[in-house]
>>> print(open('coords_21.csv').read())   # CSV, C-alpha atoms
chain,number,residue,atom,x,y,z
A,1,MET,CA,-16.6,1.6,19.1
A,2,ASP,CA,-13.8,-0.3,21.0
A,3,TYR,CA,-10.3,1.1,20.8
A,4,VAL,CA,-9.0,-1.8,18.7
A,5,THR,CA,-11.5,-0.9,16.0
A,6,PHE,CA,-10.5,2.7,16.4
A,7,ILE,CA,-6.8,1.8,15.8
A,8,GLY,CA,-7.8,-0.3,12.8
A,9,LEU,CA,-9.9,2.5,11.3
A,10,THR,CA,-7.1,5.0,11.8
A,11,ALA,CA,-4.6,2.7,10.2
A,12,GLY,CA,-7.0,2.1,7.3
A,13,ALA,CA,-7.6,5.8,6.9
A,14,LEU,CA,-3.9,6.5,6.7
A,15,THR,CA,-3.0,3.8,4.3
A,16,THR,CA,-6.0,4.7,2.1
A,17,ILE,CA,-5.3,8.5,2.2
A,18,ALA,CA,-1.7,7.8,1.5
A,19,PHE,CA,-2.6,6.9,-2.1
A,20,LEU,CA,-4.5,10.2,-2.7
A,21,PRO,CA,-1.4,12.4,-3.3
A,22,GLN,CA,-0.2,9.8,-5.8
A,23,VAL,CA,-3.6,9.7,-7.5
A,24,ILE,CA,-3.7,13.5,-7.7
A,25,LYS,CA,0.0,13.7,-8.9
A,26,VAL,CA,-0.6,11.2,-11.7
A,27,ARG,CA,-3.9,12.8,-12.6
A,28,ARG,CA,-2.4,16.3,-12.8
A,29,ARG,CA,1.0,15.6,-14.4
A,30,LYS,CA,0.0,12.5,-16.5
A,31,GLN,CA,3.6,11.3,-16.0
A,32,THR,CA,4.1,7.9,-14.6
A,33,ARG,CA,7.6,6.9,-15.8
A,34,ASP,CA,9.0,6.5,-12.3
A,35,LEU,CA,6.1,4.4,-11.1
A,36,SER,CA,6.3,0.7,-11.2
A,37,LEU,CA,3.7,-1.2,-13.3
A,38,PRO,CA,4.1,-4.6,-11.6
A,39,MET,CA,3.7,-2.8,-8.2
A,40,TYR,CA,0.3,-1.6,-9.0
A,41,ILE,CA,-0.8,-4.9,-10.7
A,42,VAL,CA,0.2,-7.0,-7.7
A,43,LEU,CA,-1.0,-4.4,-5.2
A,44,SER,CA,-4.5,-4.3,-6.7
A,45,LEU,CA,-4.7,-8.1,-6.6
A,46,GLY,CA,-3.4,-8.2,-3.0
A,47,ILE,CA,-5.8,-5.5,-1.8
A,48,GLY,CA,-8.7,-7.4,-3.4
A,49,LEU,CA,-7.7,-10.5,-1.2
A,50,TRP,CA,-7.4,-8.3,1.9
A,51,ILE,CA,-11.1,-7.4,1.4
A,52,ILE,CA,-12.0,-11.1,1.3
A,53,TYR,CA,-9.8,-11.7,4.4
A,54,GLY,CA,-11.6,-8.8,6.2
A,55,VAL,CA,-15.0,-10.3,5.4
A,56,PHE,CA,-14.0,-13.6,6.9
A,57,LEU,CA,-12.5,-11.9,9.9
A,58,ASN,CA,-15.5,-9.7,10.2
A,59,SER,CA,-13.2,-6.6,10.4
A,60,PRO,CA,-14.8,-3.4,9.2
A,61,PRO,CA,-11.5,-1.5,9.2
A,62,ILE,CA,-9.9,-4.0,6.8
A,63,ILE,CA,-13.0,-4.1,4.6
A,64,ILE,CA,-13.7,-0.4,4.4
A,65,ALA,CA,-10.0,0.7,4.0
A,66,ASN,CA,-9.2,-1.8,1.3
A,67,SER,CA,-12.4,-1.2,-0.6
A,68,ILE,CA,-11.4,2.4,-1.1
A,69,THR,CA,-7.7,1.8,-1.6
A,70,VAL,CA,-8.3,-0.7,-4.4
A,71,ILE,CA,-10.1,2.0,-6.4
A,72,PHE,CA,-7.0,4.3,-6.0
A,73,SER,CA,-4.6,1.5,-6.9
A,74,ILE,CA,-6.6,0.5,-10.0
A,75,TYR,CA,-6.8,4.1,-11.1
A,76,ILE,CA,-3.0,4.6,-10.8
A,77,LEU,CA,-2.6,1.3,-12.7
A,78,ILE,CA,-4.8,2.4,-15.5
A,79,MET,CA,-2.9,5.7,-15.7
A,80,LYS,CA,0.4,3.9,-15.7
A,81,ILE,CA,-0.8,1.6,-18.6
A,82,LYS,CA,-2.1,4.7,-20.5
A,83,HIS,CA,0.9,7.0,-20.0
A,84,GLY,CA,3.8,4.5,-19.7
B,1,MET,CA,-3.4,-23.5,8.8
B,2,ASP,CA,-7.1,-22.6,8.2
B,3,TYR,CA,-8.1,-21.3,4.8
B,4,VAL,CA,-8.9,-17.8,6.2
B,5,THR,CA,-5.3,-17.4,7.4
B,6,PHE,CA,-4.2,-18.7,4.0
B,7,ILE,CA,-6.2,-16.0,2.3
B,8,GLY,CA,-4.7,-13.4,4.6
B,9,LEU,CA,-1.1,-14.6,4.1
B,10,THR,CA,-1.6,-14.6,0.3
B,11,ALA,CA,-3.1,-11.1,0.5
B,12,GLY,CA,-0.2,-10.0,2.7
B,13,ALA,CA,2.4,-11.6,0.4
B,14,LEU,CA,0.9,-9.8,-2.6
B,15,THR,CA,0.7,-6.3,-1.1
B,16,THR,CA,4.2,-6.8,0.4
B,17,ILE,CA,5.8,-8.1,-2.8
B,18,ALA,CA,4.0,-5.2,-4.7
B,19,PHE,CA,6.4,-2.7,-3.2
B,20,LEU,CA,9.5,-4.7,-4.3
B,21,PRO,CA,9.5,-3.5,-8.0
B,22,GLN,CA,9.2,0.1,-6.8
B,23,VAL,CA,12.1,-0.4,-4.3
B,24,ILE,CA,14.2,-1.9,-7.1
B,25,LYS,CA,13.3,0.7,-9.6
B,26,VAL,CA,14.1,3.6,-7.1
B,27,ARG,CA,17.3,1.9,-6.1
B,28,ARG,CA,18.5,1.4,-9.7
B,29,ARG,CA,17.4,4.6,-11.3
B,30,LYS,CA,17.7,6.9,-8.3
B,31,GLN,CA,14.9,9.0,-9.8
B,32,THR,CA,11.8,9.6,-7.7
B,33,ARG,CA,10.4,12.8,-9.2
B,34,ASP,CA,7.0,11.1,-10.1
B,35,LEU,CA,6.7,9.5,-6.7
B,36,SER,CA,4.6,11.3,-4.1
B,37,LEU,CA,6.4,12.3,-0.8
B,38,PRO,CA,3.2,12.7,1.3
B,39,MET,CA,2.1,9.2,0.1
B,40,TYR,CA,5.1,7.5,1.6
B,41,ILE,CA,5.0,9.5,4.8
B,42,VAL,CA,1.3,8.7,5.5
B,43,LEU,CA,1.7,5.2,4.2
B,44,SER,CA,4.6,4.4,6.6
B,45,LEU,CA,2.6,5.8,9.6
B,46,GLY,CA,-0.5,3.8,8.5
B,47,ILE,CA,1.4,0.6,8.1
B,48,GLY,CA,2.8,1.0,11.5
B,49,LEU,CA,-0.7,1.3,12.9
B,50,TRP,CA,-1.8,-1.8,11.0
B,51,ILE,CA,0.9,-3.8,12.8
B,52,ILE,CA,-0.5,-2.6,16.2
B,53,TYR,CA,-4.0,-3.5,15.0
B,54,GLY,CA,-2.8,-7.0,13.9
B,55,VAL,CA,-1.3,-7.5,17.3
B,56,PHE,CA,-4.6,-6.7,19.0
B,57,LEU,CA,-6.5,-8.9,16.5
B,58,ASN,CA,-3.9,-11.7,17.0
B,59,SER,CA,-3.6,-11.9,13.2
B,60,PRO,CA,-0.3,-13.2,11.9
B,61,PRO,CA,-1.0,-12.2,8.3
B,62,ILE,CA,-1.6,-8.6,9.3
B,63,ILE,CA,1.5,-8.5,11.6
B,64,ILE,CA,3.9,-10.3,9.2
B,65,ALA,CA,2.9,-8.6,6.0
B,66,ASN,CA,2.9,-5.0,7.4
B,67,SER,CA,6.2,-5.6,9.3
B,68,ILE,CA,7.9,-6.2,6.0
B,69,THR,CA,6.0,-3.7,4.0
B,70,VAL,CA,6.9,-0.9,6.4
B,71,ILE,CA,10.6,-1.5,5.7
B,72,PHE,CA,10.0,-1.1,1.9
B,73,SER,CA,7.8,2.0,2.4
B,74,ILE,CA,10.4,3.7,4.7
B,75,TYR,CA,13.1,2.8,2.2
B,76,ILE,CA,11.2,4.5,-0.7
B,77,LEU,CA,10.5,7.4,1.6
B,78,ILE,CA,14.2,7.9,2.4
B,79,MET,CA,15.2,7.7,-1.3
B,80,LYS,CA,12.4,10.2,-2.2
B,81,ILE,CA,13.8,12.6,0.4
B,82,LYS,CA,17.3,12.1,-0.8
B,83,HIS,CA,16.7,12.3,-4.6
B,84,GLY,CA,13.6,14.6,-4.6
>>> encode(input="coords_21.csv", output="structure tokens")
Amino acid sequence: MDYVTFIGLTAGALTTIAFLPQVIKVRRRKQTRDLSLPMYIVLSLGIGLWIIYGVFLNSPPIIIANSITVIFSIYILIMKIKHG
Amino acid sequence: MDYVTFIGLTAGALTTIAFLPQVIKVRRRKQTRDLSLPMYIVLSLGIGLWIIYGVFLNSPPIIIANSITVIFSIYILIMKIKHG
């Protein structure tokens, strides 16, 4: 693996892992009042487009990271819709 | 502009804009209890690495989007540290 891909994978790992504490916090407390609904709607759409962009660019870091992050984002979105 | 760059810029615009409602919400309410501190620490670091990856890949969408998003992320992080 070249070092550029390594940087990309590290970047992707961080921005993906970043959402885990929020996922856990939302799952545990079931309180989402301070979270922004439009944020997670637009974010989920944007991450979906990043996956497509990553496919065109043939960039595994972009594809892998965003494929996982979109799951977290949609989960938080669903919890926000459910708990308000 | 080729259509791949257009997809990338649209993706970047969405994931960047996504953080604006959260920035505004935090700024207005000054309440951050439901937000996750580790999320915004790790996210800010990760976005910084994405910028470096974008420079190596020579990808304007990655560079532009993440340069703006990192400002939003750090702002939310500072507010979270301040308001708890």
>>> residues_around(input="coords_21.csv", residues="region 15-28 of chain B", least_positions_apart="4", cutoff="7 Å", atoms="only C-alpha atoms", output="ChimeraX atom specification")
/A:35-36,38-40,42-43,46-47 /B:11,32,65,68-69,72,76
>>> atom_distance(input="coords_21.csv", atom1="CA of Val4 (chain B)", atom2="CA of Leu37 (chain A)")
28.5 Å
>>> atom_distance(input="coords_21.csv", atom1="CA of Ile7 (chain B)", atom2="CA of Leu45 (chain B)")
24.6 Å
>>> atom_distance(input="coords_21.csv", atom1="CA of Gly8 (chain A)", atom2="CA of Tyr53 (chain B)")
5.4 Å
>>> closest_residue(input="coords_21.csv", among="A:Ile41, A:Ile62, A:Met1, A:Leu9", to="Tyr75 (chain A)", atoms="all atoms listed in the file")
A:Ile41
>>> decode(input="coords_21.csv", residues="region 48-64 of chain A", atoms="all heavy atoms", output="PDB file, in the first residue's frame")
ATOM      1  N   GLY A  48     -23.533   9.592   0.703  1.00  0.00           N
ATOM      2  CA  GLY A  48     -23.905   8.720  -0.415  1.00  0.00           C
ATOM      3  C   GLY A  48     -23.218   9.148  -1.706  1.00  0.00           C
ATOM      4  O   GLY A  48     -22.689   8.319  -2.462  1.00  0.00           O
ATOM      5  N   LEU A  49     -23.186  10.454  -1.944  1.00  0.00           N
ATOM      6  CA  LEU A  49     -22.527  10.977  -3.157  1.00  0.00           C
ATOM      7  C   LEU A  49     -21.011  10.782  -3.103  1.00  0.00           C
ATOM      8  O   LEU A  49     -20.368  10.545  -4.129  1.00  0.00           O
ATOM      9  CB  LEU A  49     -22.857  12.464  -3.338  1.00  0.00           C
ATOM     10  CG  LEU A  49     -24.150  12.786  -4.083  1.00  0.00           C
ATOM     11  CD1 LEU A  49     -24.281  14.287  -4.283  1.00  0.00           C
ATOM     12  CD2 LEU A  49     -24.192  12.089  -5.443  1.00  0.00           C
ATOM     13  N   TRP A  50     -20.419  10.910  -1.895  1.00  0.00           N
ATOM     14  CA  TRP A  50     -18.967  10.663  -1.752  1.00  0.00           C
ATOM     15  C   TRP A  50     -18.625   9.239  -2.174  1.00  0.00           C
ATOM     16  O   TRP A  50     -17.582   8.991  -2.779  1.00  0.00           O
ATOM     17  CB  TRP A  50     -18.499  10.884  -0.308  1.00  0.00           C
ATOM     18  CG  TRP A  50     -18.159  12.310   0.032  1.00  0.00           C
ATOM     19  CD1 TRP A  50     -18.743  13.070   1.011  1.00  0.00           C
ATOM     20  CD2 TRP A  50     -17.159  13.160  -0.557  1.00  0.00           C
ATOM     21  NE1 TRP A  50     -18.169  14.318   1.051  1.00  0.00           N
ATOM     22  CE2 TRP A  50     -17.196  14.395   0.091  1.00  0.00           C
ATOM     23  CE3 TRP A  50     -16.244  12.972  -1.603  1.00  0.00           C
ATOM     24  CZ2 TRP A  50     -16.357  15.466  -0.239  1.00  0.00           C
ATOM     25  CZ3 TRP A  50     -15.404  14.035  -1.947  1.00  0.00           C
ATOM     26  CH2 TRP A  50     -15.473  15.265  -1.268  1.00  0.00           C
ATOM     27  N   ILE A  51     -19.512   8.284  -1.852  1.00  0.00           N
ATOM     28  CA  ILE A  51     -19.268   6.890  -2.247  1.00  0.00           C
ATOM     29  C   ILE A  51     -19.186   6.797  -3.768  1.00  0.00           C
ATOM     30  O   ILE A  51     -18.269   6.187  -4.326  1.00  0.00           O
ATOM     31  CB  ILE A  51     -20.372   5.952  -1.697  1.00  0.00           C
ATOM     32  CG1 ILE A  51     -20.380   5.980  -0.163  1.00  0.00           C
ATOM     33  CG2 ILE A  51     -20.165   4.516  -2.198  1.00  0.00           C
ATOM     34  CD1 ILE A  51     -21.568   5.258   0.468  1.00  0.00           C
ATOM     35  N   ILE A  52     -20.154   7.452  -4.444  1.00  0.00           N
ATOM     36  CA  ILE A  52     -20.173   7.437  -5.912  1.00  0.00           C
ATOM     37  C   ILE A  52     -18.902   8.094  -6.465  1.00  0.00           C
ATOM     38  O   ILE A  52     -18.266   7.578  -7.392  1.00  0.00           O
ATOM     39  CB  ILE A  52     -21.436   8.162  -6.439  1.00  0.00           C
ATOM     40  CG1 ILE A  52     -22.696   7.404  -5.996  1.00  0.00           C
ATOM     41  CG2 ILE A  52     -21.396   8.303  -7.957  1.00  0.00           C
ATOM     42  CD1 ILE A  52     -23.993   8.160  -6.232  1.00  0.00           C
ATOM     43  N   TYR A  53     -18.522   9.234  -5.864  1.00  0.00           N
ATOM     44  CA  TYR A  53     -17.295   9.932  -6.279  1.00  0.00           C
ATOM     45  C   TYR A  53     -16.078   9.026  -6.085  1.00  0.00           C
ATOM     46  O   TYR A  53     -15.206   8.952  -6.957  1.00  0.00           O
ATOM     47  CB  TYR A  53     -17.140  11.222  -5.463  1.00  0.00           C
ATOM     48  CG  TYR A  53     -15.919  12.060  -5.808  1.00  0.00           C
ATOM     49  CD1 TYR A  53     -15.821  12.729  -7.029  1.00  0.00           C
ATOM     50  CD2 TYR A  53     -14.874  12.197  -4.901  1.00  0.00           C
ATOM     51  CE1 TYR A  53     -14.702  13.506  -7.336  1.00  0.00           C
ATOM     52  CE2 TYR A  53     -13.757  12.977  -5.196  1.00  0.00           C
ATOM     53  CZ  TYR A  53     -13.680  13.632  -6.414  1.00  0.00           C
ATOM     54  OH  TYR A  53     -12.580  14.399  -6.705  1.00  0.00           O
ATOM     55  N   GLY A  54     -16.018   8.317  -4.985  1.00  0.00           N
ATOM     56  CA  GLY A  54     -14.919   7.401  -4.691  1.00  0.00           C
ATOM     57  C   GLY A  54     -14.826   6.273  -5.702  1.00  0.00           C
ATOM     58  O   GLY A  54     -13.732   5.842  -6.077  1.00  0.00           O
ATOM     59  N   VAL A  55     -15.994   5.797  -6.171  1.00  0.00           N
ATOM     60  CA  VAL A  55     -16.020   4.743  -7.180  1.00  0.00           C
ATOM     61  C   VAL A  55     -15.414   5.267  -8.486  1.00  0.00           C
ATOM     62  O   VAL A  55     -14.563   4.624  -9.103  1.00  0.00           O
ATOM     63  CB  VAL A  55     -17.468   4.234  -7.416  1.00  0.00           C
ATOM     64  CG1 VAL A  55     -17.531   3.316  -8.634  1.00  0.00           C
ATOM     65  CG2 VAL A  55     -17.978   3.506  -6.175  1.00  0.00           C
ATOM     66  N   PHE A  56     -15.828   6.467  -8.892  1.00  0.00           N
ATOM     67  CA  PHE A  56     -15.293   7.076 -10.118  1.00  0.00           C
ATOM     68  C   PHE A  56     -13.789   7.322 -10.003  1.00  0.00           C
ATOM     69  O   PHE A  56     -13.039   7.171 -10.962  1.00  0.00           O
ATOM     70  CB  PHE A  56     -16.006   8.396 -10.426  1.00  0.00           C
ATOM     71  CG  PHE A  56     -17.302   8.207 -11.161  1.00  0.00           C
ATOM     72  CD1 PHE A  56     -18.503   8.603 -10.583  1.00  0.00           C
ATOM     73  CD2 PHE A  56     -17.336   7.638 -12.429  1.00  0.00           C
ATOM     74  CE1 PHE A  56     -19.706   8.430 -11.249  1.00  0.00           C
ATOM     75  CE2 PHE A  56     -18.535   7.457 -13.095  1.00  0.00           C
ATOM     76  CZ  PHE A  56     -19.718   7.858 -12.511  1.00  0.00           C
ATOM     77  N   LEU A  57     -13.353   7.737  -8.808  1.00  0.00           N
ATOM     78  CA  LEU A  57     -11.932   8.054  -8.598  1.00  0.00           C
ATOM     79  C   LEU A  57     -11.111   6.792  -8.339  1.00  0.00           C
ATOM     80  O   LEU A  57      -9.882   6.847  -8.303  1.00  0.00           O
ATOM     81  CB  LEU A  57     -11.794   8.992  -7.385  1.00  0.00           C
ATOM     82  CG  LEU A  57     -11.096  10.326  -7.634  1.00  0.00           C
ATOM     83  CD1 LEU A  57     -11.905  11.161  -8.612  1.00  0.00           C
ATOM     84  CD2 LEU A  57     -10.894  11.085  -6.329  1.00  0.00           C
ATOM     85  N   ASN A  58     -11.841   5.673  -8.179  1.00  0.00           N
ATOM     86  CA  ASN A  58     -11.169   4.421  -7.859  1.00  0.00           C
ATOM     87  C   ASN A  58     -10.353   4.551  -6.560  1.00  0.00           C
ATOM     88  O   ASN A  58      -9.196   4.142  -6.502  1.00  0.00           O
ATOM     89  CB  ASN A  58     -10.252   4.006  -9.010  1.00  0.00           C
ATOM     90  CG  ASN A  58     -10.282   2.498  -9.193  1.00  0.00           C
ATOM     91  OD1 ASN A  58     -10.643   1.775  -8.263  1.00  0.00           O
ATOM     92  ND2 ASN A  58      -9.901   2.033 -10.373  1.00  0.00           N
ATOM     93  N   SER A  59     -10.977   5.172  -5.567  1.00  0.00           N
ATOM     94  CA  SER A  59     -10.296   5.417  -4.288  1.00  0.00           C
ATOM     95  C   SER A  59     -10.882   4.561  -3.165  1.00  0.00           C
ATOM     96  O   SER A  59     -11.944   4.877  -2.620  1.00  0.00           O
ATOM     97  CB  SER A  59     -10.432   6.903  -3.916  1.00  0.00           C
ATOM     98  OG  SER A  59     -10.200   7.066  -2.530  1.00  0.00           O
ATOM     99  N   PRO A  60     -10.214   3.454  -2.822  1.00  0.00           N
ATOM    100  CA  PRO A  60     -10.711   2.601  -1.732  1.00  0.00           C
ATOM    101  C   PRO A  60     -10.961   3.364  -0.431  1.00  0.00           C
ATOM    102  O   PRO A  60     -11.988   3.121   0.226  1.00  0.00           O
ATOM    103  CB  PRO A  60      -9.602   1.558  -1.563  1.00  0.00           C
ATOM    104  CG  PRO A  60      -8.937   1.502  -2.895  1.00  0.00           C
ATOM    105  CD  PRO A  60      -8.976   2.917  -3.411  1.00  0.00           C
ATOM    106  N   PRO A  61     -10.062   4.304  -0.003  1.00  0.00           N
ATOM    107  CA  PRO A  61     -10.337   5.012   1.255  1.00  0.00           C
ATOM    108  C   PRO A  61     -11.690   5.727   1.247  1.00  0.00           C
ATOM    109  O   PRO A  61     -12.451   5.634   2.212  1.00  0.00           O
ATOM    110  CB  PRO A  61      -9.189   6.031   1.346  1.00  0.00           C
ATOM    111  CG  PRO A  61      -8.075   5.413   0.600  1.00  0.00           C
ATOM    112  CD  PRO A  61      -8.735   4.687  -0.540  1.00  0.00           C
ATOM    113  N   ILE A  62     -11.990   6.420   0.145  1.00  0.00           N
ATOM    114  CA  ILE A  62     -13.264   7.153   0.064  1.00  0.00           C
ATOM    115  C   ILE A  62     -14.442   6.187   0.086  1.00  0.00           C
ATOM    116  O   ILE A  62     -15.432   6.400   0.800  1.00  0.00           O
ATOM    117  CB  ILE A  62     -13.318   8.034  -1.206  1.00  0.00           C
ATOM    118  CG1 ILE A  62     -12.195   9.080  -1.185  1.00  0.00           C
ATOM    119  CG2 ILE A  62     -14.679   8.712  -1.341  1.00  0.00           C
ATOM    120  CD1 ILE A  62     -12.152   9.958  -2.414  1.00  0.00           C
ATOM    121  N   ILE A  63     -14.337   5.103  -0.681  1.00  0.00           N
ATOM    122  CA  ILE A  63     -15.447   4.146  -0.766  1.00  0.00           C
ATOM    123  C   ILE A  63     -15.681   3.446   0.578  1.00  0.00           C
ATOM    124  O   ILE A  63     -16.803   3.422   1.088  1.00  0.00           O
ATOM    125  CB  ILE A  63     -15.159   3.074  -1.855  1.00  0.00           C
ATOM    126  CG1 ILE A  63     -15.017   3.737  -3.235  1.00  0.00           C
ATOM    127  CG2 ILE A  63     -16.265   2.012  -1.876  1.00  0.00           C
ATOM    128  CD1 ILE A  63     -14.468   2.813  -4.311  1.00  0.00           C
ATOM    129  N   ILE A  64     -14.613   2.913   1.155  1.00  0.00           N
ATOM    130  CA  ILE A  64     -14.739   2.138   2.396  1.00  0.00           C
ATOM    131  C   ILE A  64     -15.243   3.020   3.547  1.00  0.00           C
ATOM    132  O   ILE A  64     -16.224   2.694   4.217  1.00  0.00           O
ATOM    133  CB  ILE A  64     -13.381   1.495   2.783  1.00  0.00           C
ATOM    134  CG1 ILE A  64     -12.938   0.498   1.693  1.00  0.00           C
ATOM    135  CG2 ILE A  64     -13.484   0.801   4.145  1.00  0.00           C
ATOM    136  CD1 ILE A  64     -11.492   0.038   1.828  1.00  0.00           C
TER     137      ILE A  64
END
